[in-house]
Amino acid sequence: MSYVDVNGKQIEVDEDGFICDPDLWNEEIVRCFARLEGVDELTDDHWKVIHYLRGYYRQFGIAPMIRKLCKETGFNLQRIYELFPSGPAKGACKLAGLPKPTGCV
Amino acid sequence: MSYVDVNGKQIEVDEDGFICDPDLWNEEIVRCFARLEGVDELTDDHWKVIHYLRGYYRQFGIAPMIRKLCKETGFNLQRIYELFPSGPAKGACKLAGLPKPTGCV
Amino acid sequence: MDDRETPLLDELEEGDWPSFVAELKRAAEKSAMSADLLRQIERSYADNTGHWKRGGIVGVRGYGGGVVGRYSAMPEEFPGVKEFHTLRVNEPAGFYYTTEKLRELCDVWDKYGSGLLNLHGSTGDIILLGTTTENLQPCFDALGEIGFDLGGSGSAMRTLSCCVGQSRCEHACIDTMDVTHDLTMNFQMEIHRPAFPYKFKIKVSGCPNDCAAASARSDLAIIGVWRDAIEIDQQGVAEYVDEGFDLFNRVIRRCPTWALDWDAEEKRLKLTSEDCVHCMHCINEMPKALRVGQERGAAVLIGGKAPVVKGAMIGWVLVPFMRLEPPYQELKDLIVQVTEFWAEHGKNRERLAELIDRLGMPAFLEGIGVEPCPQMVDAPRSNPYLFWREEEVKHA
Amino acid sequence: MDDRETPLLDELEEGDWPSFVAELKRAAEKSAMSADLLRQIERSYADNTGHWKRGGIVGVRGYGGGVVGRYSAMPEEFPGVKEFHTLRVNEPAGFYYTTEKLRELCDVWDKYGSGLLNLHGSTGDIILLGTTTENLQPCFDALGEIGFDLGGSGSAMRTLSCCVGQSRCEHACIDTMDVTHDLTMNFQMEIHRPAFPYKFKIKVSGCPNDCAAASARSDLAIIGVWRDAIEIDQQGVAEYVDEGFDLFNRVIRRCPTWALDWDAEEKRLKLTSEDCVHCMHCINEMPKALRVGQERGAAVLIGGKAPVVKGAMIGWVLVPFMRLEPPYQELKDLIVQVTEFWAEHGKNRERLAELIDRLGMPAFLEGIGVEPCPQMVDAPRSNPYLFWREEEVKHA
Amino acid sequence: MPKTDFGPPDYREMIPPIVRENYGKWRYHRIPRPGVLEHVSETGDVLSSVRVASPRLVSTDFVREICEIADKYCGGHLRFTTRHNIEFLVSDREKLQPLLDELEGRGYLIGGVGRAISNVVHTQGWIHCKSAVTDASGLVKSIMDELHDYYTGKKPVPAKLRIAVACCVNMCGACHCSDIAVVGIHRRVPRVNDDVVSKSCEIPSTIASCPTGAIRPNPKLKSITIAPEKCMYCGNCAAVCPAIDVMDPDTDGVSIWVGGKLSNARTTPKFSRLAIPYLPNHPPRWPEVTEAVKNLVEVWRQRAKPGERMGEWIERIGWERFFQITGIPFTEKHIDDFTHATTTFRSSMQFRI
Amino acid sequence: MPKTDFGPPDYREMIPPIVRENYGKWRYHRIPRPGVLEHVSETGDVLSSVRVASPRLVSTDFVREICEIADKYCGGHLRFTTRHNIEFLVSDREKLQPLLDELEGRGYLIGGVGRAISNVVHTQGWIHCKSAVTDASGLVKSIMDELHDYYTGKKPVPAKLRIAVACCVNMCGACHCSDIAVVGIHRRVPRVNDDVVSKSCEIPSTIASCPTGAIRPNPKLKSITIAPEKCMYCGNCAAVCPAIDVMDPDTDGVSIWVGGKLSNARTTPKFSRLAIPYLPNHPPRWPEVTEAVKNLVEVWRQRAKPGERMGEWIERIGWERFFQITGIPFTEKHIDDFTHATTTFRSSMQFRI
Ligand code: SRM
Ligand code: SRM
Ligand code: SRM
Ligand code: SRM
Ligand code: SF4
Ligand code: SF4
Ligand code: SF4
Ligand code: SF4
Ligand code: SF4
Ligand code: SF4
Ligand code: SF4
Ligand code: SF4
């Protein structure tokens with residue numbers, strides 16, 4: 001396991017940079033992760049996606065399917081990749097503090 | 001629908017003589033039904049079967065399978081027919097105030 | 001009864017095929033019940049729907065089945081069929097009768113019932129069609145006098161039936177009628193006092209032609225088969241060929257496993273016996289020349305049934321070969337094993353096939369103590385979802 | 001690297017079949033990653049188990065897939081494979097290469113990765129086996145320079161692949177390579193940015209021989225077929241026969257529908273074309289004399305997949321015949337219809353076949369607007385459990 | 001206690017002497033004329049069995065009549081077949097022709113043997129069953145009035161053809177494995193009387209009775225609810241629970257199934273498959289059903305090879321062509337969507353286009 | 001933004017001139033010697049393809065080596081087959097024999113064409129996959145070291161034979177439709193780390209991932225529980241949830257499946273069927289597996305008719321005899337008990353006793 005320094009706090013993440021204890025998640029962590037994922041500025045659109053993901057996960061215990069994410073946020077897939085260049089799973093879910101999605105490889 | 005006179009009370013039964021409203025069931029009814037089913041005297045053994053049937057029905061919402069009935073009461077099939085000459089379904093269940101069993105015809 | 005009362009049914013008196021309406025009328029002349037039956041049926045034809053009530057649990061003393069209760073839904077209009085129960089009467093094996101016995105039966109039935117009957121019901125019973133609750137017991141008693149007992153109904157072992165077998169068929173590998181009669185006598189308790197999760201049917205066919213339709217209609221089918229080579233009378237075959245019989249197209253090419261070949265020079269039919277799957281086709285086509293082998297016995301198939309609930313099934317091979325000689329102990333033991341397991345694990349109204357489907361064939365086989373064999377399957381499993389018992393894995 | 005470090009693997013350098021261990025060693029000479037890979041594999045051989053961690057979500061910017069992340073479970077011991085991700089590189093249709101292109105690829109891979117690769121992965125990709133997270137992006141960029149893009153991974157449309165088709169096969173009813181390339185270009189978005197419930201595979205075979213194994217390994221298989229009669233060069237057939245070819249046993253008898261017959265007098269092969277089910281057998285056996293017909297197109301089969309979760313499937317006929325000419329619009333529309341329906345109704349990790357199994361084929365067909373046809377089934381349903389739409393019943 | 005468990009008459013007392021003497025000794029048989037089987041024993045004895053159609057639903061007088069005939073020609077013995085035909089068993093060769101003459105004189109139909117259409121296995125229908133969607137006896141009579149020439153052998157057919165009729169999907173016959181099966185079906189979701197459910201229904205059994213899991217408990221009403229989109233009207237719930245009604249004369253109908261068989265000859269036993277999902281239920285003559293059955297028989301009769309049963313013929317020509325030739329439309333209803341549906345989908349390129 | 005979505009190299013730039021010129025014009029082919037295909041075009045052109053075995057897992061130097069050969073004899077063109085063989089494409093007839101000589105000289109195996117065993121389709125194994133029960137590459141090498149004579153044509157076989165190896169039941173190949181398939185299997189119920197589940201598992205997905213419904217939620221621990229009697233160790237839950245571990249070197253093993261195929265020639269595509277449920281996982285040479293595969297090949301080779309593939313041969317002689325001849329015991333494991341099990345039970349009297 002490795003650690004990411006978030007304003008001095010050591011946050012444990014797995015090899016892929018996903019947070020190990022989702023309970024530790026907070027907005028500062030997002031900002032820090034964002035930089036690592038190539039997101040320079042966190043806009044409202046970013047937050048919309050992040051909040052949607054967290055809400056969905058809290059309710060259903062799983063990450064939404066991408067199609068659902070697009071539908072509910074109103075962003076098409078292209079736009080999601082603009083917001084999160086490493087994609088919804090590697091990018092958005094990671095920032096939202098979700099467990100690694102189970103979509104297949 | 002027809003009615004059976006139980007000590008002056010008219011109890012509604014279907015063509016087969018099964019009680020229409022199981023909530024009306026009581027021991028007097030049993031005694032009356034018993035006569036109609038050719039059971040001359042209600043012994044402890046009879047009551048054991050009847051109480052078992054009612055208990056099971058209350059718990060599971062269905063009549064027990066015959067095999068279960070035999071096992072739990074300790075009476076073999078032969079004995080059940082001695083107690084209730086018209087058999088466990090037509091005889092015992094009817095006396096116990098259960099709905100008509102769904103075993104096939 | 002007035003002829004014009006049944007204009008719709010009357011149409012079914014026309015035509016060459018024997019008419020059940022004629023029979024209804026014949027009975028109606030003697031029986032008020034039958035007359036009302038005729039009227040109620042006419043009403044069904046007019047309304048396009050049946051007029052019987054659901055339910056009907058009636059019977060005779062000491063038995064849990066053998067009678068199907070039936071009440072008219074329009075008893076005021078058709079009082080004769082207010083109660084119109086049928087008695088299922090166990091047929092003699094092979095459906096053979098002396099006219100004397102049949103007449104006795106008719107007399108009893110004219111006395112206690114509608115005078116209408118089915119020869120036979122599709123399970124095999126003689127169906128005495130329509131009597132009152134009151135008449136059930138006396139009718140049963142009178143039947144007993146002439147040697148007719150009731151058959152099965154409800155969650156019981158049902159009346160057995162069989163093909164004509166050795167009594168009139170050259171193909172019979174087993175004595176179907178004797179097996180049927182013997183099992184029937186042996187399982188009287190199971191037939192008359194329902195104690196199973198659901199119905200349980202047994203039928204017996206003498207060979208794979210399955211003239212008793214056993215594999216589709218019985219939870220346990222007993223079907224005769226042999227395991228040595230087909231007996232070939234080469235002279236007989238040559239005669240067929242000489243008479244212009246198209247051996248190649250009628251037989252050789254249609255053998256499912258190409259087990260046969262014709263040696264034109266030697267005028268010999270060659271059989272690769274290990275390829276023969278006992279389909280009967282060649283024997284059926286040339287009964288004068290070919291004959292089932294000498295090592296005879298039966299296979300036991302299980303699970304045949306109609307569509308409800310999990311879909312229709314055609315019986316599955318449980319035992320590919322079993323010798324069958326009186327007193328058929330091995331067979332009886334197997335039936336007990338199977339029904340015991342089912343009675344123990346089956347749910348209410350769950351047929352044997354459905355139980356096996358739910359628990360898995362391996363679990364069932366283990367439960368009844370039968371060894372797996374390749375004849376049981378068309379092909380081994382294709383999915384990798386294998387179970388392992390703890391002992392097996394530990395030793396590895 | 002010391003030879004005695006890998007005694008177990010060394011045994012696999014013996015024998016005539018080309019050795020992957022030799023390849024590992026060749027790569028290990030140049031690459032520290034490969035050297036550690038070799039060591040870790042040796043350890044696996046000793047321990048009887050793999051030493052990779054689960055998980056691994058890494059990639060390149062702008063894509064959601066194309067890389068399979070992999071981390072060693074023993075990074076201290078084998079630091080070279082601490083990160084050991086594979087890049088799935090989309091192969092050119094038909095697996096044809098110029099040596100120039102292959103060399104360029106090798107150069108890039110020696111620079112950024114382990115120097116080990118699979119030609120090819122079983123989906124069809126070039127699998128570049130092992131690089132670090134850091135090197136992913138530069139490697140991808142360098143691949144782009146030489147014209148290699150990534151293929152699919154994750155819940156995406158996967159890299160397509162096909163048989164050699166018209167480029168080298170006389171049986172090809174469609175231009176498999178062009179279809180593959182065209183679809184690949186058309187569906188770049190779906191390949192690179194996973195947005196489906198699960199993986200979705202497409203493979204293309206030129207005829208029912210299915211040399212791309214499409215029907216077993218693709219959610220949507222495109223398989224060439226014709227619908228007029230097989231072209232018969234009678235002269236050619238006669239030559240086969242004259243040369244002693246056993247026409248009856250090798251062809252006529254093995255045609256699954258007995259569509260062929262040999263007229264020995266006229267020396268003509270007679271084809272009952274309506275009986276031909278395009279199995280290819282006769283054409284395969286006599287390629288010099290028989291040929292697929294002229295009205296050519298493809299069938300589309302859906303649902304092929306491996307065992308997990310509901311069991312393995314072989315593709316089911318969805319469209320029995322479709323003409324396939326560029327720009328393949330009908331086919332593309334169909335693919336969009338199918339994937340849209342699946343994306344809309346499928347659950348996470350539910351393959352197309354599993355969705356159809358869950359909802360029923362009739363509901364699926366209605367959903368994608370394809371008319372039912374008898375080619376879709378081996379036989380119509382046998383259970384009486386039919387659904388009726390309200391409109392249908394009302395009009396009755 | 002009354003006498004019980006004594007079982008049926010012993011067959012040994014029912015069989016005629018010739019059968020007793022040649023039991024297990026029959027060598028072969030031939031069919032000298034339609035409707036007659038001639039079994040030859042290794043003892044040299046010859047037994048002629050004359051097969052005659054029966055409506056199955058008969059009066060005692062009918063029985064007495066056939067007994068009378070059997071007394072006259074068969075030494076007082078007769079039998080019935082597993083398909084409900086009557087068989088007169090003639091051991092005295094002299095009596096065969098007179099028997100045939102008398103039977104014909106009385107209007108009996110002789111046939112059903114060998115390559116023929118035999119009697120129809122059927123069920124109770126409106127005569128006695130509470131579940132009957134249609135009337136089996138009436139359907140059989142209507143159909144066989146059209147087809148009896150194939151029974152008597154006046155018109156030859158390529159092979160045995162077994163027809164079965166069932167008045168509901170319980171299929172109290174071997175409909176599911178018949179060359180042609182006629183089955184009554186419902187098409188409307190059952191109506192539930194909640195009040196009666198709460199009193200006389202074993203709710204768990206009723207829920208378990210539904211093949212497609214369409215039934216949910218409705219605890220509020222102490223009743224159950226049927227999900228209409230899941231219900232395919234099999235009526236099994238109505239068999240289990242008296243408070244459920246599935247009958248509906250307006251929408252009930254008849255379906256037709258083809259290609260089943262049971263013998264193992266050549267091909268293994270086969271299920272019947274859906275041909276026509278719905279035809280109207282039109283007593284007393286069911287013209288649509290009769291017509292459809294006749295069409296199926298005719299199409300088969302004219303095209304099958306000798307010895308080829310319905311299902312074998314269809315498999316040879318392919319279901320694609322079966323639908324084309326018969327003119328029956330292929331619809332989404334023909335595609336299975338029950339438990340094992342996927343195993344019936346075509347997983348190959350072997351089809352006709 | 002970097003360049004994206006430009007797709008693979010265009011095949012038109014990859015194919016050799018002879019292919020470009022004869023695209024769609026090939027008339028027939030013949031197999032002049034094992035491992036060589038000769039395609040004849042309607043233009044008269046002849047293309048010889050020389051097929052050579054590849055370990056599939058190769059180094060860049062290997063690739064450079066084959067490129068060098070292709071430059072010398074094939075104008076700088078080559079291709080790979082769908083089963084990972086290398087094909088050298090020779091348009092200049094003169095160069096064919098020298099190419100063959102050079103290949104043989106360098107120790108390449110030429111073969112896999114026509115009636116032969118071709119290359120083994122296989123998977124990553126311990127080389128790269130986290131799910132690998134066994135090592136695919138090692139198994140392939142061990143098996144093919146025994147069978148290469150059937151690849152090169154030194155020993156002829158009756159028909160094509162396709163072998164596939166997969167390191168787990170995900171079967172990343174077409175194992176499920178191969179003449180012989182070798183598949184790694186687990187035999188122990190996975191272990192669950194409840195603590196990790198609660199943190200990094202999508203519980204609903206994990207529950208849904210189990211084919212047999214063995215997984216239940218365990219709300220108390222915010223985790224899940226596996227019912228051991230329902231689990232058949234497929235490992236799918238472990239693929240979905242990082243907290244589940246199914247690996248167990250002590251009990252893991254290898255299974256063997258036979259009789260699958262994919263072509264539509266003669267018979268329709270078939271699934272492979274279980275032959276041997278378990279053999280030990282014995283690297284580096286897997287003697288038990290190698291032996292078993294060889295036995296299967298030999299038995300088939302000696303008994304099948306010309307042109308008869310493994311599954312066709314088995315179906316002709318019957319599974320009963322297959323088990324008898326191969327000496328493989330038939331056990332309860334061979335009897336299906338998954339969803340469509342009942343459709344695989346023998347519903348006929350057609351069997352060998
Ligand atoms: C009388 C008979 C039809 C006939 O006219 O021949 C018959 C009549 C009934 N059958 Fe049957 N079955 C009859 C043979 C069959 C057969 C054929 C056989 O036994 O060979 C089958 C198919 C084989 C099988 O058992 O699967 C059959 C499958 C059913 C089923 C569906 C069972 C299933 O598992 O799918 C039911 C439904 C039920 O049990 O609730 C049923 C239920 C019924 C009931 C009892 C319906 C009911 O609940 O009231 C029918 C009573 C009709 C009546 O009022 O008399 N009957 N039933 C047959 C019995 C006659 C006899 O004893 O000889
Ligand atoms: C690399 C490859 C095997 C190979 O050595 O060739 C492969 C490797 C993996 N497959 Fe596969 N599959 C590969 C072709 C296949 C195929 C064959 C095909 O595509 O033609 C199949 C069967 C067809 C199918 O898709 O059903 C296949 C069926 C699976 C499955 C089971 C899917 C199912 O629905 O049954 C999984 C399980 C999963 O998705 O979690 C799977 C999962 C995997 C994973 C991603 C396992 C994992 O979760 O880590 C493997 C990654 C190994 C690694 O570390 O690189 N792989 N996988 C193949 C991809 C190479 C390529 O892109 O060219
Ligand atoms: C009398 C009867 C047995 C009984 O105990 O009652 C019987 C008797 C004979 N059957 Fe049968 N079968 C009888 C019902 C059946 C049934 C069951 C059914 O129809 O419900 C079958 C299975 C039907 C199916 O496959 O769907 C049946 C399938 C056969 C076959 C196989 C035909 C085929 O090619 O598929 C033969 C062989 C033959 O006819 O060549 C056969 C042959 C025979 C032979 C020739 C056997 C013999 O040598 O005596 C008998 C005369 C045949 C005939 O009628 O053409 N019997 N036979 C049954 C007469 C029924 C009827 O009245 O029509
Ligand atoms: C090169 C290749 C296509 C490609 O794009 O790479 C190919 C090429 C040819 N196949 Fe194939 N098949 C190729 C994989 C397949 C596959 C797929 C697989 O194995 O994964 C199949 C389906 C396998 C199966 O059924 O399980 C396949 C089933 C066939 C068949 C059917 C054989 C049969 O009787 O079942 C033929 C016809 C024949 O050989 O007579 C065939 C015929 C041919 C012909 C003769 C076609 C032609 O006229 O050019 C080619 C040479 C055959 C040969 O190698 O004997 N090809 N062929 C593949 C070579 C694979 C290899 O390296 O061995
Ligand atoms: S099943 Fe066989 S033994 Fe019985 S009557 Fe038919 S042909 Fe004869
Ligand atoms: S009984 Fe059937 S399988 Fe056996 S040889 Fe005769 S036709 Fe062939
Ligand atoms: S699938 Fe057909 S077209 Fe393609 S290579 Fe094979 S034989 Fe040729
Ligand atoms: S392609 Fe197949 S089905 Fe068609 S004629 Fe040739 S062998 Fe027969
Ligand atoms: S088929 Fe249905 S309606 Fe007819 S008798 Fe059987 S249960 Fe009754
Ligand atoms: S009719 Fe059949 S499908 Fe409909 S609810 Fe009742 S049992 Fe279920
Ligand atoms: S078969 Fe299993 S272990 Fe092998 S590569 Fe595929 S997923 Fe990995
Ligand atoms: S290993 Fe497979 S069967 Fe066992 S719990 Fe996991 S998913 Fe279910």
# chains A, B, ... in the order shown; residues from 1 in each chain; ligands from 1
>>> residues_near_ligand(ligand="ligand 10", cutoff="9 Å", atoms="only C-alpha atoms and all ligand atoms", output="mmCIF file with C-alpha atoms, in the first residue's frame")
data_model
loop_
_atom_site.group_PDB
_atom_site.id
_atom_site.type_symbol
_atom_site.label_atom_id
_atom_site.label_comp_id
_atom_site.auth_asym_id
_atom_site.auth_seq_id
_atom_site.Cartn_x
_atom_site.Cartn_y
_atom_site.Cartn_z
ATOM 1 C CA VAL C 309 -44.940 -26.324 -13.248
ATOM 2 C CA TYR D 385 -46.484 -20.758 -21.596
ATOM 3 C CA HIS E 186 -56.353 -19.192 -21.685
ATOM 4 C CA ARG E 188 -56.323 -13.564 -19.794
ATOM 5 C CA VAL E 189 -54.800 -13.015 -16.395
ATOM 6 C CA PRO E 190 -56.857 -14.760 -13.698
ATOM 7 C CA THR E 206 -50.455 -20.813 -4.513
ATOM 8 C CA ILE E 207 -47.366 -18.666 -4.807
ATOM 9 C CA ALA E 208 -45.241 -21.750 -5.414
ATOM 10 C CA SER E 209 -47.649 -22.978 -8.052
ATOM 11 C CA CYS E 210 -46.818 -20.243 -10.518
ATOM 12 C CA PRO E 211 -44.265 -21.342 -13.123
ATOM 13 C CA THR E 212 -43.186 -17.793 -13.884
ATOM 14 C CA GLY E 213 -43.223 -16.360 -10.388
ATOM 15 C CA ALA E 214 -46.047 -13.968 -11.220
ATOM 16 C CA ILE E 215 -47.720 -14.287 -7.841
ATOM 17 C CA THR E 225 -51.467 -10.273 -6.350
ATOM 18 C CA ILE E 226 -50.721 -11.426 -9.866
ATOM 19 C CA ALA E 227 -48.214 -9.428 -11.905
ATOM 20 C CA PRO E 228 -49.954 -9.272 -15.287
ATOM 21 C CA LYS E 230 -45.417 -12.157 -15.887
ATOM 22 C CA CYS E 231 -48.567 -14.243 -16.081
ATOM 23 C CA MET E 232 -48.985 -16.557 -19.052
ATOM 24 C CA TYR E 233 -52.404 -17.796 -17.979
ATOM 25 C CA CYS E 234 -51.517 -21.419 -17.322
ATOM 26 C CA GLY E 235 -54.184 -21.606 -14.658
ATOM 27 C CA ASN E 236 -52.109 -23.588 -12.216
ATOM 28 C CA CYS E 237 -52.826 -21.063 -9.480
ATOM 29 C CA ALA E 238 -56.519 -21.573 -10.103
ATOM 30 C CA ALA E 239 -56.035 -25.311 -9.668
ATOM 31 C CA VAL E 240 -54.520 -24.723 -6.275
ATOM 32 C CA ILE E 244 -58.741 -17.616 -8.427
ATOM 33 C CA ASP E 245 -60.691 -17.735 -11.648
ATOM 34 C CA VAL E 246 -58.972 -18.109 -14.985
#
>>> select_by_dssp(residues="range 7-95 of chain B", states="strand (DSSP E or B)", output="compact mmCIF listing (two decimals) with all heavy atoms, in the first residue's frame")
# COMPACT_ATOMS: atom_id res chain seq x y z
N LYS B 9 -76.16 -23.56 16.09
CA LYS B 9 -75.54 -22.54 15.24
C LYS B 9 -75.41 -23.10 13.83
O LYS B 9 -75.03 -24.25 13.64
CB LYS B 9 -74.13 -22.21 15.76
CG LYS B 9 -74.07 -20.88 16.48
CD LYS B 9 -72.66 -20.29 16.40
CE LYS B 9 -72.34 -19.53 17.66
NZ LYS B 9 -71.13 -20.02 18.32
N GLN B 10 -75.69 -22.25 12.82
CA GLN B 10 -75.54 -22.69 11.44
C GLN B 10 -74.14 -22.33 10.95
O GLN B 10 -73.80 -21.17 10.79
CB GLN B 10 -76.60 -22.00 10.55
CG GLN B 10 -78.03 -22.37 10.91
CD GLN B 10 -78.30 -23.86 10.68
OE1 GLN B 10 -78.05 -24.38 9.62
NE2 GLN B 10 -78.80 -24.54 11.72
N ILE B 11 -73.34 -23.36 10.75
CA ILE B 11 -71.97 -23.12 10.27
C ILE B 11 -71.93 -23.37 8.78
O ILE B 11 -72.30 -24.45 8.30
CB ILE B 11 -70.98 -24.06 10.99
CG1 ILE B 11 -71.00 -23.81 12.50
CG2 ILE B 11 -69.56 -23.89 10.43
CD1 ILE B 11 -70.54 -22.43 12.91
N GLU B 12 -71.44 -22.36 8.05
CA GLU B 12 -71.41 -22.50 6.60
C GLU B 12 -70.26 -23.43 6.18
O GLU B 12 -69.14 -23.27 6.64
CB GLU B 12 -71.22 -21.12 5.95
CG GLU B 12 -71.55 -21.14 4.48
CD GLU B 12 -71.29 -19.78 3.82
OE1 GLU B 12 -71.01 -18.81 4.55
OE2 GLU B 12 -71.35 -19.73 2.58
N VAL B 13 -70.57 -24.37 5.32
CA VAL B 13 -69.54 -25.27 4.79
C VAL B 13 -69.69 -25.36 3.28
O VAL B 13 -70.75 -25.04 2.73
CB VAL B 13 -69.67 -26.70 5.39
CG1 VAL B 13 -69.45 -26.69 6.89
CG2 VAL B 13 -71.02 -27.31 5.03
N ILE B 19 -65.21 -26.14 6.31
CA ILE B 19 -65.72 -24.90 6.89
C ILE B 19 -65.32 -23.72 6.00
O ILE B 19 -64.23 -23.68 5.43
CB ILE B 19 -65.13 -24.74 8.32
CG1 ILE B 19 -65.92 -23.69 9.10
CG2 ILE B 19 -63.64 -24.35 8.28
CD1 ILE B 19 -65.62 -23.77 10.60
>>> select_by_dssp(residues="range 5-207 of chain F", states="alpha helix (DSSP H)", output="PyMOL selection string")
chain F and resi 17-22+60-73+96-105+136-152+194-200+203-207
>>> residues_near_ligand(ligand="ligand 3", cutoff="7 Å", atoms="only C-alpha atoms and all ligand atoms", output="number ranges by chain")
C: 94, 162-165, 168-171, 209-213, 281, 284-285; E: 28-29, 37, 80-85, 112-115, 118-119, 160, 162, 177-179, 260-265, 307, 309
>>> closest_atom_pairs(of="chain C", to="chain D", cutoff="8 Å", atoms="only C-alpha atoms", output="JSON lines")
{"residue": "C:Pro307", "atom": "CA", "partner": "D:Asn383", "partner_atom": "CA", "distance": 6.5}
{"residue": "C:Gly311", "atom": "CA", "partner": "D:Asn383", "partner_atom": "CA", "distance": 6.1}
{"residue": "C:Ala312", "atom": "CA", "partner": "D:Asn383", "partner_atom": "CA", "distance": 7.0}
{"residue": "C:Asn383", "atom": "CA", "partner": "D:Gly311", "partner_atom": "CA", "distance": 6.2}
{"residue": "C:Pro384", "atom": "CA", "partner": "D:Pro307", "partner_atom": "CA", "distance": 7.5}
>>> closest_atom_pairs(of="chain C", to="ligand 6", cutoff="6 Å", atoms="only C-alpha atoms and all ligand atoms", output="CSV")
residue,atom,partner,partner_atom_place_in_ligand_line,distance
C:Cys255,CA,ligand 6,7 (S),3.8
C:Pro256,CA,ligand 6,3 (S),5.6
C:Thr257,CA,ligand 6,3 (S),5.8
C:Ala259,CA,ligand 6,5 (S),5.1
C:Leu260,CA,ligand 6,5 (S),5.7
C:Cys276,CA,ligand 6,4 (Fe),3.7
C:Val277,CA,ligand 6,3 (S),4.3
C:His278,CA,ligand 6,1 (S),4.1
C:Cys279,CA,ligand 6,2 (Fe),3.8
C:Met280,CA,ligand 6,1 (S),4.0
C:His281,CA,ligand 6,7 (S),4.5
C:Cys282,CA,ligand 6,6 (Fe),4.1
>>> write_last_selection(atoms="N, CA and C atoms", output="compact mmCIF listing (two decimals), in the first residue's frame")
# COMPACT_ATOMS: atom_id res chain seq x y z
N CYS C 255 -31.17 -46.49 -39.84
CA CYS C 255 -30.64 -46.90 -38.54
C CYS C 255 -29.91 -45.69 -37.96
N PRO C 256 -30.26 -45.27 -36.75
CA PRO C 256 -29.68 -44.02 -36.25
C PRO C 256 -28.17 -44.05 -36.10
N THR C 257 -27.59 -45.24 -35.98
CA THR C 257 -26.14 -45.31 -35.78
C THR C 257 -25.43 -46.05 -36.91
N ALA C 259 -25.62 -49.01 -37.86
CA ALA C 259 -25.09 -50.27 -37.33
C ALA C 259 -25.26 -51.43 -38.31
N LEU C 260 -26.01 -51.19 -39.36
CA LEU C 260 -26.34 -52.28 -40.28
C LEU C 260 -25.72 -52.05 -41.65
N CYS C 276 -25.50 -50.75 -32.09
CA CYS C 276 -26.97 -50.77 -32.04
C CYS C 276 -27.44 -50.11 -30.75
N VAL C 277 -28.37 -49.17 -30.88
CA VAL C 277 -28.92 -48.52 -29.69
C VAL C 277 -30.36 -48.95 -29.43
N HIS C 278 -30.72 -50.13 -29.98
CA HIS C 278 -32.00 -50.74 -29.64
C HIS C 278 -33.18 -49.85 -29.97
N CYS C 279 -33.09 -49.17 -31.09
CA CYS C 279 -34.18 -48.24 -31.42
C CYS C 279 -35.41 -48.97 -31.92
N MET C 280 -35.25 -50.21 -32.32
CA MET C 280 -36.34 -51.07 -32.80
C MET C 280 -36.65 -50.91 -34.28
N HIS C 281 -36.08 -49.91 -34.93
CA HIS C 281 -36.56 -49.64 -36.28
C HIS C 281 -36.39 -50.84 -37.22
N CYS C 282 -35.22 -51.41 -37.26
CA CYS C 282 -35.00 -52.51 -38.22
C CYS C 282 -35.91 -53.69 -37.89
